[in-house]
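Shown next: structure-v4.pdb, given as PDB, C-alpha atoms, pLDDT in the B column.
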ATOM      1  CA  MET A   1     -22.722   5.257  -2.146  1.00 60.00           C
ATOM      2  CA  PHE A   2     -19.500   7.133  -1.582  1.00 65.00           C
ATOM      3  CA  LEU A   3     -16.148   5.342  -1.474  1.00 68.00           C
ATOM      4  CA  VAL A   4     -15.056   7.395   1.519  1.00 68.00           C
ATOM      5  CA  THR A   5     -17.713   8.184   4.073  1.00 63.00           C
ATOM      6  CA  ASP A   6     -17.524  10.943   6.617  1.00 61.00           C
ATOM      7  CA  ASP A   7     -17.194   8.182   9.217  1.00 57.00           C
ATOM      8  CA  ASN A   8     -13.706   7.497   7.828  1.00 53.00           C
ATOM      9  CA  VAL A   9     -12.594  11.049   8.501  1.00 55.00           C
ATOM     10  CA  GLU A  10     -11.621  12.121  11.966  1.00 47.00           C
ATOM     11  CA  VAL A  11     -11.359  15.864  12.158  1.00 40.00           C
ATOM     12  CA  GLN A  12     -11.070  16.588  15.821  1.00 37.00           C
ATOM     13  CA  GLU A  13      -8.133  18.150  17.532  1.00 37.00           C
ATOM     14  CA  VAL A  14      -7.186  16.691  20.888  1.00 39.00           C
ATOM     15  CA  SER A  15      -4.705  18.183  23.310  1.00 49.00           C
ATOM     16  CA  MET A  16      -1.652  16.193  24.351  1.00 49.00           C
ATOM     17  CA  VAL A  17      -3.026  15.711  27.860  1.00 50.00           C
ATOM     18  CA  ASN A  18      -6.248  14.279  26.494  1.00 48.00           C
ATOM     19  CA  ARG A  19      -4.310  11.958  24.213  1.00 53.00           C
ATOM     20  CA  ILE A  20      -2.190  10.669  27.091  1.00 51.00           C
ATOM     21  CA  PHE A  21      -5.266  10.205  29.265  1.00 46.00           C
ATOM     22  CA  ASN A  22      -7.124   8.439  26.448  1.00 45.00           C
ATOM     23  CA  CYS A  23      -4.153   6.157  25.801  1.00 41.00           C
ATOM     24  CA  SER A  24      -3.939   5.290  29.494  1.00 45.00           C
ATOM     25  CA  VAL A  25      -7.630   4.446  29.658  1.00 39.00           C
ATOM     26  CA  LEU A  26      -7.337   2.394  26.480  1.00 39.00           C
ATOM     27  CA  ALA A  27      -4.306   0.506  27.799  1.00 41.00           C
ATOM     28  CA  PHE A  28      -6.135  -0.304  31.028  1.00 43.00           C
ATOM     29  CA  ALA A  29      -9.208  -1.466  29.110  1.00 40.00           C
ATOM     30  CA  LEU A  30      -7.065  -3.649  26.874  1.00 36.00           C
ATOM     31  CA  LEU A  31      -5.397  -5.264  29.863  1.00 41.00           C
ATOM     32  CA  MET A  32      -8.765  -5.997  31.420  1.00 42.00           C
ATOM     33  CA  THR A  33     -10.098  -7.643  28.275  1.00 36.00           C
ATOM     34  CA  MET A  34      -6.957  -9.483  27.201  1.00 40.00           C
ATOM     35  CA  PRO A  35      -8.471 -13.016  27.081  1.00 42.00           C
ATOM     36  CA  SER A  36     -11.274 -11.977  24.742  1.00 40.00           C
ATOM     37  CA  LEU A  37      -8.932  -9.923  22.564  1.00 39.00           C
ATOM     38  CA  GLN A  38      -7.235 -12.967  21.106  1.00 45.00           C
ATOM     39  CA  ALA A  39     -10.527 -14.324  19.772  1.00 44.00           C
ATOM     40  CA  HIS A  40     -11.403 -10.941  18.255  1.00 44.00           C
ATOM     41  CA  ALA A  41      -7.902 -10.509  16.857  1.00 46.00           C
ATOM     42  CA  ASN A  42      -8.060 -13.856  15.095  1.00 47.00           C
ATOM     43  CA  GLN A  43     -11.424 -12.943  13.599  1.00 50.00           C
ATOM     44  CA  GLY A  44     -10.090  -9.539  12.497  1.00 54.00           C
ATOM     45  CA  VAL A  45      -7.072 -11.150  10.815  1.00 53.00           C
ATOM     46  CA  ALA A  46      -9.365 -13.474   8.864  1.00 57.00           C
ATOM     47  CA  VAL A  47     -11.558 -10.596   7.702  1.00 55.00           C
ATOM     48  CA  ARG A  48      -8.527  -8.443   6.853  1.00 65.00           C
ATOM     49  CA  SER A  49      -6.982 -11.314   4.934  1.00 82.00           C
ATOM     50  CA  GLU A  50     -10.214 -11.847   2.998  1.00 88.00           C
ATOM     51  CA  VAL A  51     -10.397  -8.159   2.076  1.00 88.00           C
ATOM     52  CA  GLN A  52      -6.722  -8.196   1.082  1.00 91.00           C
ATOM     53  CA  ASP A  53      -7.389 -11.225  -1.127  1.00 93.00           C
ATOM     54  CA  ASP A  54     -10.376  -9.459  -2.715  1.00 94.00           C
ATOM     55  CA  PHE A  55      -8.199  -6.378  -3.227  1.00 93.00           C
ATOM     56  CA  GLN A  56      -5.526  -8.409  -5.019  1.00 93.00           C
ATOM     57  CA  LYS A  57      -8.129 -10.139  -7.196  1.00 95.00           C
ATOM     58  CA  ALA A  58      -9.725  -6.800  -8.036  1.00 94.00           C
ATOM     59  CA  PHE A  59      -6.316  -5.436  -9.032  1.00 94.00           C
ATOM     60  CA  TRP A  60      -5.681  -8.270 -11.475  1.00 95.00           C
ATOM     61  CA  ALA A  61      -9.248  -8.070 -12.819  1.00 95.00           C
ATOM     62  CA  MET A  62      -8.852  -4.335 -13.416  1.00 93.00           C
ATOM     63  CA  LEU A  63      -5.453  -4.852 -15.020  1.00 91.00           C
ATOM     64  CA  ALA A  64      -6.863  -7.501 -17.361  1.00 94.00           C
ATOM     65  CA  ASP A  65      -9.749  -5.239 -18.412  1.00 92.00           C
ATOM     66  CA  PRO A  66      -8.671  -1.611 -17.875  1.00 87.00           C
ATOM     67  CA  SER A  67     -11.606  -0.097 -19.746  1.00 85.00           C
ATOM     68  CA  ASN A  68     -14.140  -1.806 -17.480  1.00 91.00           C
ATOM     69  CA  THR A  69     -15.531   0.935 -15.225  1.00 91.00           C
ATOM     70  CA  GLU A  70     -17.122  -1.487 -12.743  1.00 94.00           C
ATOM     71  CA  LYS A  71     -13.834  -3.321 -12.172  1.00 95.00           C
ATOM     72  CA  THR A  72     -12.019  -0.024 -11.735  1.00 94.00           C
ATOM     73  CA  ILE A  73     -14.520   1.232  -9.172  1.00 93.00           C
ATOM     74  CA  ARG A  74     -14.490  -2.118  -7.335  1.00 95.00           C
ATOM     75  CA  TYR A  75     -10.708  -1.906  -7.023  1.00 95.00           C
ATOM     76  CA  ALA A  76     -10.903   1.683  -5.733  1.00 95.00           C
ATOM     77  CA  GLU A  77     -13.605   0.695  -3.201  1.00 94.00           C
ATOM     78  CA  LEU A  78     -11.462  -2.130  -1.842  1.00 95.00           C
ATOM     79  CA  ALA A  79      -8.394   0.121  -1.716  1.00 94.00           C
ATOM     80  CA  VAL A  80     -10.357   2.575   0.426  1.00 94.00           C
ATOM     81  CA  LYS A  81     -11.688  -0.267   2.568  1.00 93.00           C
ATOM     82  CA  ILE A  82      -8.169  -1.387   3.465  1.00 92.00           C
ATOM     83  CA  GLY A  83      -7.039   2.221   3.941  1.00 92.00           C
ATOM     84  CA  ASP A  84      -4.786   2.389   0.872  1.00 93.00           C
ATOM     85  CA  TYR A  85      -5.981   5.765  -0.387  1.00 95.00           C
ATOM     86  CA  GLU A  86      -2.949   6.195  -2.633  1.00 95.00           C
ATOM     87  CA  ALA A  87      -3.886   3.022  -4.523  1.00 94.00           C
ATOM     88  CA  ALA A  88      -7.470   4.212  -5.017  1.00 95.00           C
ATOM     89  CA  ILE A  89      -6.585   7.512  -6.693  1.00 96.00           C
ATOM     90  CA  PRO A  90      -4.866   6.519  -9.997  1.00 95.00           C
ATOM     91  CA  PRO A  91      -7.669   4.301 -11.303  1.00 94.00           C
ATOM     92  CA  LEU A  92     -10.229   6.991 -10.460  1.00 96.00           C
ATOM     93  CA  GLU A  93      -8.096   9.602 -12.233  1.00 96.00           C
ATOM     94  CA  ARG A  94      -7.950   7.264 -15.220  1.00 94.00           C
ATOM     95  CA  LEU A  95     -11.757   7.216 -15.244  1.00 93.00           C
ATOM     96  CA  LEU A  96     -11.714  11.013 -15.365  1.00 94.00           C
ATOM     97  CA  MET A  97      -9.353  10.922 -18.330  1.00 93.00           C
ATOM     98  CA  LEU A  98     -11.818   8.684 -20.155  1.00 90.00           C
ATOM     99  CA  ASN A  99     -14.806  10.802 -19.115  1.00 91.00           C
ATOM    100  CA  PRO A 100     -14.078  14.172 -17.468  1.00 92.00           C
ATOM    101  CA  LYS A 101     -17.786  14.745 -16.755  1.00 92.00           C
ATOM    102  CA  LEU A 102     -17.953  12.553 -13.644  1.00 95.00           C
ATOM    103  CA  PRO A 103     -18.428  14.870 -10.649  1.00 96.00           C
ATOM    104  CA  LYS A 104     -18.856  11.967  -8.203  1.00 96.00           C
ATOM    105  CA  VAL A 105     -15.493  10.509  -9.213  1.00 96.00           C
ATOM    106  CA  ARG A 106     -13.927  13.975  -9.013  1.00 97.00           C
ATOM    107  CA  LEU A 107     -15.389  14.368  -5.498  1.00 97.00           C
ATOM    108  CA  GLU A 108     -14.034  10.980  -4.401  1.00 97.00           C
ATOM    109  CA  ILE A 109     -10.566  11.898  -5.623  1.00 97.00           C
ATOM    110  CA  GLY A 110     -10.768  15.230  -3.791  1.00 98.00           C
ATOM    111  CA  VAL A 111     -11.751  13.498  -0.556  1.00 97.00           C
ATOM    112  CA  LEU A 112      -8.954  10.949  -0.935  1.00 97.00           C
ATOM    113  CA  TYR A 113      -6.398  13.714  -1.446  1.00 97.00           C
ATOM    114  CA  TYR A 114      -7.859  15.451   1.602  1.00 97.00           C
ATOM    115  CA  LEU A 115      -7.341  12.276   3.642  1.00 96.00           C
ATOM    116  CA  LEU A 116      -3.758  12.088   2.388  1.00 96.00           C
ATOM    117  CA  ASN A 117      -3.254  15.671   3.579  1.00 96.00           C
ATOM    118  CA  SER A 118      -2.666  16.945   0.030  1.00 96.00           C
ATOM    119  CA  ARG A 119      -4.798  19.987   0.696  1.00 96.00           C
ATOM    120  CA  GLU A 120      -4.128  22.010  -2.453  1.00 97.00           C
ATOM    121  CA  VAL A 121      -4.755  19.076  -4.783  1.00 97.00           C
ATOM    122  CA  ALA A 122      -7.908  18.230  -2.821  1.00 98.00           C
ATOM    123  CA  ARG A 123      -9.028  21.852  -3.059  1.00 98.00           C
ATOM    124  CA  GLY A 124      -8.735  21.750  -6.859  1.00 98.00           C
ATOM    125  CA  TYR A 125     -10.898  18.650  -7.224  1.00 98.00           C
ATOM    126  CA  LEU A 126     -13.441  19.808  -4.652  1.00 98.00           C
ATOM    127  CA  ASN A 127     -13.750  23.261  -6.253  1.00 98.00           C
ATOM    128  CA  ASP A 128     -14.324  21.581  -9.614  1.00 97.00           C
ATOM    129  CA  VAL A 129     -17.279  19.697  -8.105  1.00 98.00           C
ATOM    130  CA  LYS A 130     -18.586  22.789  -6.341  1.00 98.00           C
ATOM    131  CA  ASN A 131     -18.506  24.791  -9.586  1.00 97.00           C
ATOM    132  CA  ASP A 132     -19.859  22.019 -11.831  1.00 97.00           C
ATOM    133  CA  PRO A 133     -23.361  23.042 -12.974  1.00 96.00           C
ATOM    134  CA  HIS A 134     -24.203  19.378 -13.659  1.00 95.00           C
ATOM    135  CA  ALA A 135     -23.161  18.074 -10.233  1.00 97.00           C
ATOM    136  CA  ALA A 136     -25.972  16.793  -8.034  1.00 97.00           C
ATOM    137  CA  PRO A 137     -26.750  19.010  -5.018  1.00 97.00           C
ATOM    138  CA  GLU A 138     -25.568  16.342  -2.530  1.00 97.00           C
ATOM    139  CA  LEU A 139     -22.204  16.183  -4.301  1.00 97.00           C
ATOM    140  CA  VAL A 140     -21.860  19.961  -4.209  1.00 97.00           C
ATOM    141  CA  LYS A 141     -22.808  19.987  -0.510  1.00 98.00           C
ATOM    142  CA  ARG A 142     -20.253  17.303   0.311  1.00 97.00           C
ATOM    143  CA  ALA A 143     -17.568  19.170  -1.659  1.00 98.00           C
ATOM    144  CA  GLU A 144     -18.400  22.374   0.222  1.00 98.00           C
ATOM    145  CA  ASP A 145     -18.194  20.519   3.541  1.00 97.00           C
ATOM    146  CA  TYR A 146     -14.688  19.323   2.758  1.00 97.00           C
ATOM    147  CA  LEU A 147     -13.631  22.700   1.396  1.00 98.00           C
ATOM    148  CA  ALA A 148     -14.703  24.244   4.696  1.00 97.00           C
ATOM    149  CA  ARG A 149     -12.328  21.867   6.496  1.00 95.00           C
ATOM    150  CA  LEU A 150      -9.330  22.907   4.412  1.00 92.00           C
TER     151      LEU A 150
END
Hey, can you dump this file as C-alpha cells for me?
Amino acid sequence: MFLVTDDNVEVQEVSMVNRIFNCSVLAFALLMTMPSLQAHANQGVAVRSEVQDDFQKAFWAMLADPSNTEKTIRYAELAVKIGDYEAAIPPLERLLMLNPKLPKVRLEIGVLYYLLNSREVARGYLNDVKNDPHAAPELVKRAEDYLARL
C-alpha cells in the first residue's frame, strides 16, 4: 500500500469561469442541504479528532522508539491521512539514512515533495526510483507517471 494514492492528487487545470461556475453550483447545493450538513459536520469533526489523536500518539510512540520502522511508517501514514505532507517527509528521510536501499520509501518521499510543489526535489527522488535496478516494476511505473507530470 502506498502512503499517498493517486486519488489524493488532483492534476487537472480548470479555467476561472469553470471554477466560478463550480463554486456557484456548490454553494447552491450546500444551501439546499444545510439541515443535513450539521449532522455530517459533527461526524466529520469526530473522525478528524480521532485521526488527530492517533497522529499525536504515533508521534510520541515514534519519538520514544526512533529506530522502530513500523512506528515511523505509522506516523508518516497518519501525517499523510491528515494532509500534513511536511510532517511525513522527515521520518521517511530518516529511514533512508538508516537504509538507503528502500525504493518504496524513496518513491513516497518523491510523491510527497511533488504534492508540496517542490518539483526539483521530487524529480531527484523519483529519478532515483526510476533508475534503481532493484526497484519493483510497479514502483518504477509510478515514479515514471509522476515524472511525466513534472
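If you look at atom CA of Leu126 of chain A and atom CA of Gly110 of chain A, they are 5.4 Å away from each other.
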Please report the interatomic distance between atom CA of Leu147 of chain A and atom CA of Ala87 of chain A in Å with one decimal. 22.7 Å
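The space between atom CA of Met62 of chain A and atom CA of Arg74 of chain A spans 8.6 Å.
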Let me know the residues the PyMOL selection byres ((chain A and resi 72) around 12) catches in the file above, as a ChimeraX atom specification. /A:55,57-71,73-79,87-96,105
Please evaluate the PyMOL selection byres ((chain A and resi 111) around 12) against the structure above and give the resulting residues as a PDB file with C-alpha atoms, in the coordinates of the input.
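The resulting file, expr.pdb, is shown below:
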ATOM      1  CA  PHE A   2     -19.500   7.133  -1.582  1.00 65.00           C
ATOM      2  CA  LEU A   3     -16.148   5.342  -1.474  1.00 68.00           C
ATOM      3  CA  VAL A   4     -15.056   7.395   1.519  1.00 68.00           C
ATOM      4  CA  THR A   5     -17.713   8.184   4.073  1.00 63.00           C
ATOM      5  CA  ASP A   6     -17.524  10.943   6.617  1.00 61.00           C
ATOM      6  CA  ASN A   8     -13.706   7.497   7.828  1.00 53.00           C
ATOM      7  CA  VAL A   9     -12.594  11.049   8.501  1.00 55.00           C
ATOM      8  CA  VAL A  80     -10.357   2.575   0.426  1.00 94.00           C
ATOM      9  CA  TYR A  85      -5.981   5.765  -0.387  1.00 95.00           C
ATOM     10  CA  GLU A  86      -2.949   6.195  -2.633  1.00 95.00           C
ATOM     11  CA  ALA A  88      -7.470   4.212  -5.017  1.00 95.00           C
ATOM     12  CA  ILE A  89      -6.585   7.512  -6.693  1.00 96.00           C
ATOM     13  CA  LEU A  92     -10.229   6.991 -10.460  1.00 96.00           C
ATOM     14  CA  LYS A 104     -18.856  11.967  -8.203  1.00 96.00           C
ATOM     15  CA  VAL A 105     -15.493  10.509  -9.213  1.00 96.00           C
ATOM     16  CA  ARG A 106     -13.927  13.975  -9.013  1.00 97.00           C
ATOM     17  CA  LEU A 107     -15.389  14.368  -5.498  1.00 97.00           C
ATOM     18  CA  GLU A 108     -14.034  10.980  -4.401  1.00 97.00           C
ATOM     19  CA  ILE A 109     -10.566  11.898  -5.623  1.00 97.00           C
ATOM     20  CA  GLY A 110     -10.768  15.230  -3.791  1.00 98.00           C
ATOM     21  CA  LEU A 112      -8.954  10.949  -0.935  1.00 97.00           C
ATOM     22  CA  TYR A 113      -6.398  13.714  -1.446  1.00 97.00           C
ATOM     23  CA  TYR A 114      -7.859  15.451   1.602  1.00 97.00           C
ATOM     24  CA  LEU A 115      -7.341  12.276   3.642  1.00 96.00           C
ATOM     25  CA  LEU A 116      -3.758  12.088   2.388  1.00 96.00           C
ATOM     26  CA  ASN A 117      -3.254  15.671   3.579  1.00 96.00           C
ATOM     27  CA  SER A 118      -2.666  16.945   0.030  1.00 96.00           C
ATOM     28  CA  ARG A 119      -4.798  19.987   0.696  1.00 96.00           C
ATOM     29  CA  GLU A 120      -4.128  22.010  -2.453  1.00 97.00           C
ATOM     30  CA  VAL A 121      -4.755  19.076  -4.783  1.00 97.00           C
ATOM     31  CA  ALA A 122      -7.908  18.230  -2.821  1.00 98.00           C
ATOM     32  CA  ARG A 123      -9.028  21.852  -3.059  1.00 98.00           C
ATOM     33  CA  GLY A 124      -8.735  21.750  -6.859  1.00 98.00           C
ATOM     34  CA  TYR A 125     -10.898  18.650  -7.224  1.00 98.00           C
ATOM     35  CA  LEU A 126     -13.441  19.808  -4.652  1.00 98.00           C
ATOM     36  CA  ASN A 127     -13.750  23.261  -6.253  1.00 98.00           C
ATOM     37  CA  VAL A 129     -17.279  19.697  -8.105  1.00 98.00           C
ATOM     38  CA  LEU A 139     -22.204  16.183  -4.301  1.00 97.00           C
ATOM     39  CA  ARG A 142     -20.253  17.303   0.311  1.00 97.00           C
ATOM     40  CA  ALA A 143     -17.568  19.170  -1.659  1.00 98.00           C
ATOM     41  CA  GLU A 144     -18.400  22.374   0.222  1.00 98.00           C
ATOM     42  CA  ASP A 145     -18.194  20.519   3.541  1.00 97.00           C
ATOM     43  CA  TYR A 146     -14.688  19.323   2.758  1.00 97.00           C
ATOM     44  CA  LEU A 147     -13.631  22.700   1.396  1.00 98.00           C
ATOM     45  CA  ARG A 149     -12.328  21.867   6.496  1.00 95.00           C
ATOM     46  CA  LEU A 150      -9.330  22.907   4.412  1.00 92.00           C
TER      47      LEU A 150
END
Selected residue, from A:Pro137, A:Asp132, A:Ile82, A:Asp54, that lies nearest to Leu102 of chain A when counting all atoms listed in the file: A:Asp132
I'd like the box whose edges run along x, y and z of the file and which contains every listed atom of segment 142-149 of chain A, padded by 4 Å per side; could you state its centre and edge lengths in Å, one decimal, as JSON?
{"center_x": -16.3, "center_y": 20.8, "center_z": 2.4, "size_x": 15.9, "size_y": 14.9, "size_z": 16.2}
Fill-in result for segment 62-90 of chain A, N, CA and C atoms as a CSV table (one decimal), in the frame of the given file:
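Writing the result to result16.csv gives the following:
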chain,number,residue,atom,x,y,z
A,62,MET,N,-8.9,-5.7,-12.8
A,62,MET,CA,-8.9,-4.3,-13.4
A,62,MET,C,-7.7,-4.3,-14.4
A,63,LEU,N,-6.6,-4.9,-14.1
A,63,LEU,CA,-5.5,-4.9,-15.0
A,63,LEU,C,-5.8,-5.6,-16.3
A,64,ALA,N,-6.5,-6.7,-16.2
A,64,ALA,CA,-6.9,-7.5,-17.4
A,64,ALA,C,-7.9,-6.8,-18.3
A,65,ASP,N,-8.7,-5.9,-17.7
A,65,ASP,CA,-9.7,-5.2,-18.4
A,65,ASP,C,-9.8,-3.8,-18.0
A,66,PRO,N,-8.8,-3.0,-18.4
A,66,PRO,CA,-8.7,-1.6,-17.9
A,66,PRO,C,-9.8,-0.7,-18.3
A,67,SER,N,-10.5,-1.0,-19.3
A,67,SER,CA,-11.6,-0.1,-19.7
A,67,SER,C,-12.9,-0.4,-19.0
A,68,ASN,N,-12.9,-1.4,-18.2
A,68,ASN,CA,-14.1,-1.8,-17.5
A,68,ASN,C,-14.3,-0.9,-16.3
A,69,THR,N,-15.3,0.0,-16.3
A,69,THR,CA,-15.5,0.9,-15.2
A,69,THR,C,-15.9,0.2,-13.9
A,70,GLU,N,-16.7,-0.8,-14.0
A,70,GLU,CA,-17.1,-1.5,-12.7
A,70,GLU,C,-15.9,-2.1,-12.0
A,71,LYS,N,-15.0,-2.7,-12.8
A,71,LYS,CA,-13.8,-3.3,-12.2
A,71,LYS,C,-12.9,-2.3,-11.6
A,72,THR,N,-12.8,-1.1,-12.2
A,72,THR,CA,-12.0,0.0,-11.7
A,72,THR,C,-12.6,0.5,-10.4
A,73,ILE,N,-13.9,0.7,-10.4
A,73,ILE,CA,-14.5,1.2,-9.2
A,73,ILE,C,-14.4,0.2,-8.0
A,74,ARG,N,-14.6,-1.1,-8.4
A,74,ARG,CA,-14.5,-2.1,-7.3
A,74,ARG,C,-13.1,-2.1,-6.7
A,75,TYR,N,-12.1,-2.0,-7.5
A,75,TYR,CA,-10.7,-1.9,-7.0
A,75,TYR,C,-10.5,-0.7,-6.1
A,76,ALA,N,-11.0,0.5,-6.5
A,76,ALA,CA,-10.9,1.7,-5.7
A,76,ALA,C,-11.6,1.5,-4.4
A,77,GLU,N,-12.8,0.9,-4.4
A,77,GLU,CA,-13.6,0.7,-3.2
A,77,GLU,C,-12.8,-0.2,-2.2
A,78,LEU,N,-12.2,-1.2,-2.7
A,78,LEU,CA,-11.5,-2.1,-1.8
A,78,LEU,C,-10.2,-1.4,-1.3
A,79,ALA,N,-9.6,-0.6,-2.2
A,79,ALA,CA,-8.4,0.1,-1.7
A,79,ALA,C,-8.8,1.0,-0.5
A,80,VAL,N,-9.9,1.7,-0.7
A,80,VAL,CA,-10.4,2.6,0.4
A,80,VAL,C,-10.7,1.7,1.7
A,81,LYS,N,-11.3,0.6,1.4
A,81,LYS,CA,-11.7,-0.3,2.6
A,81,LYS,C,-10.5,-0.7,3.4
A,82,ILE,N,-9.4,-1.0,2.7
A,82,ILE,CA,-8.2,-1.4,3.5
A,82,ILE,C,-7.3,-0.2,3.9
A,83,GLY,N,-7.8,1.0,3.5
A,83,GLY,CA,-7.0,2.2,3.9
A,83,GLY,C,-5.9,2.6,3.0
A,84,ASP,N,-5.8,2.0,1.8
A,84,ASP,CA,-4.8,2.4,0.9
A,84,ASP,C,-5.3,3.4,-0.1
A,85,TYR,N,-5.4,4.7,0.4
A,85,TYR,CA,-6.0,5.8,-0.4
A,85,TYR,C,-5.1,6.1,-1.6
A,86,GLU,N,-3.8,5.9,-1.5
A,86,GLU,CA,-2.9,6.2,-2.6
A,86,GLU,C,-3.2,5.2,-3.8
A,87,ALA,N,-3.6,4.0,-3.5
A,87,ALA,CA,-3.9,3.0,-4.5
A,87,ALA,C,-5.2,3.3,-5.2
A,88,ALA,N,-6.1,3.9,-4.5
A,88,ALA,CA,-7.5,4.2,-5.0
A,88,ALA,C,-7.5,5.4,-6.0
A,89,ILE,N,-6.5,6.3,-5.9
A,89,ILE,CA,-6.6,7.5,-6.7
A,89,ILE,C,-6.3,7.3,-8.2
A,90,PRO,N,-5.2,6.6,-8.6
A,90,PRO,CA,-4.9,6.5,-10.0
A,90,PRO,C,-6.0,5.9,-10.9
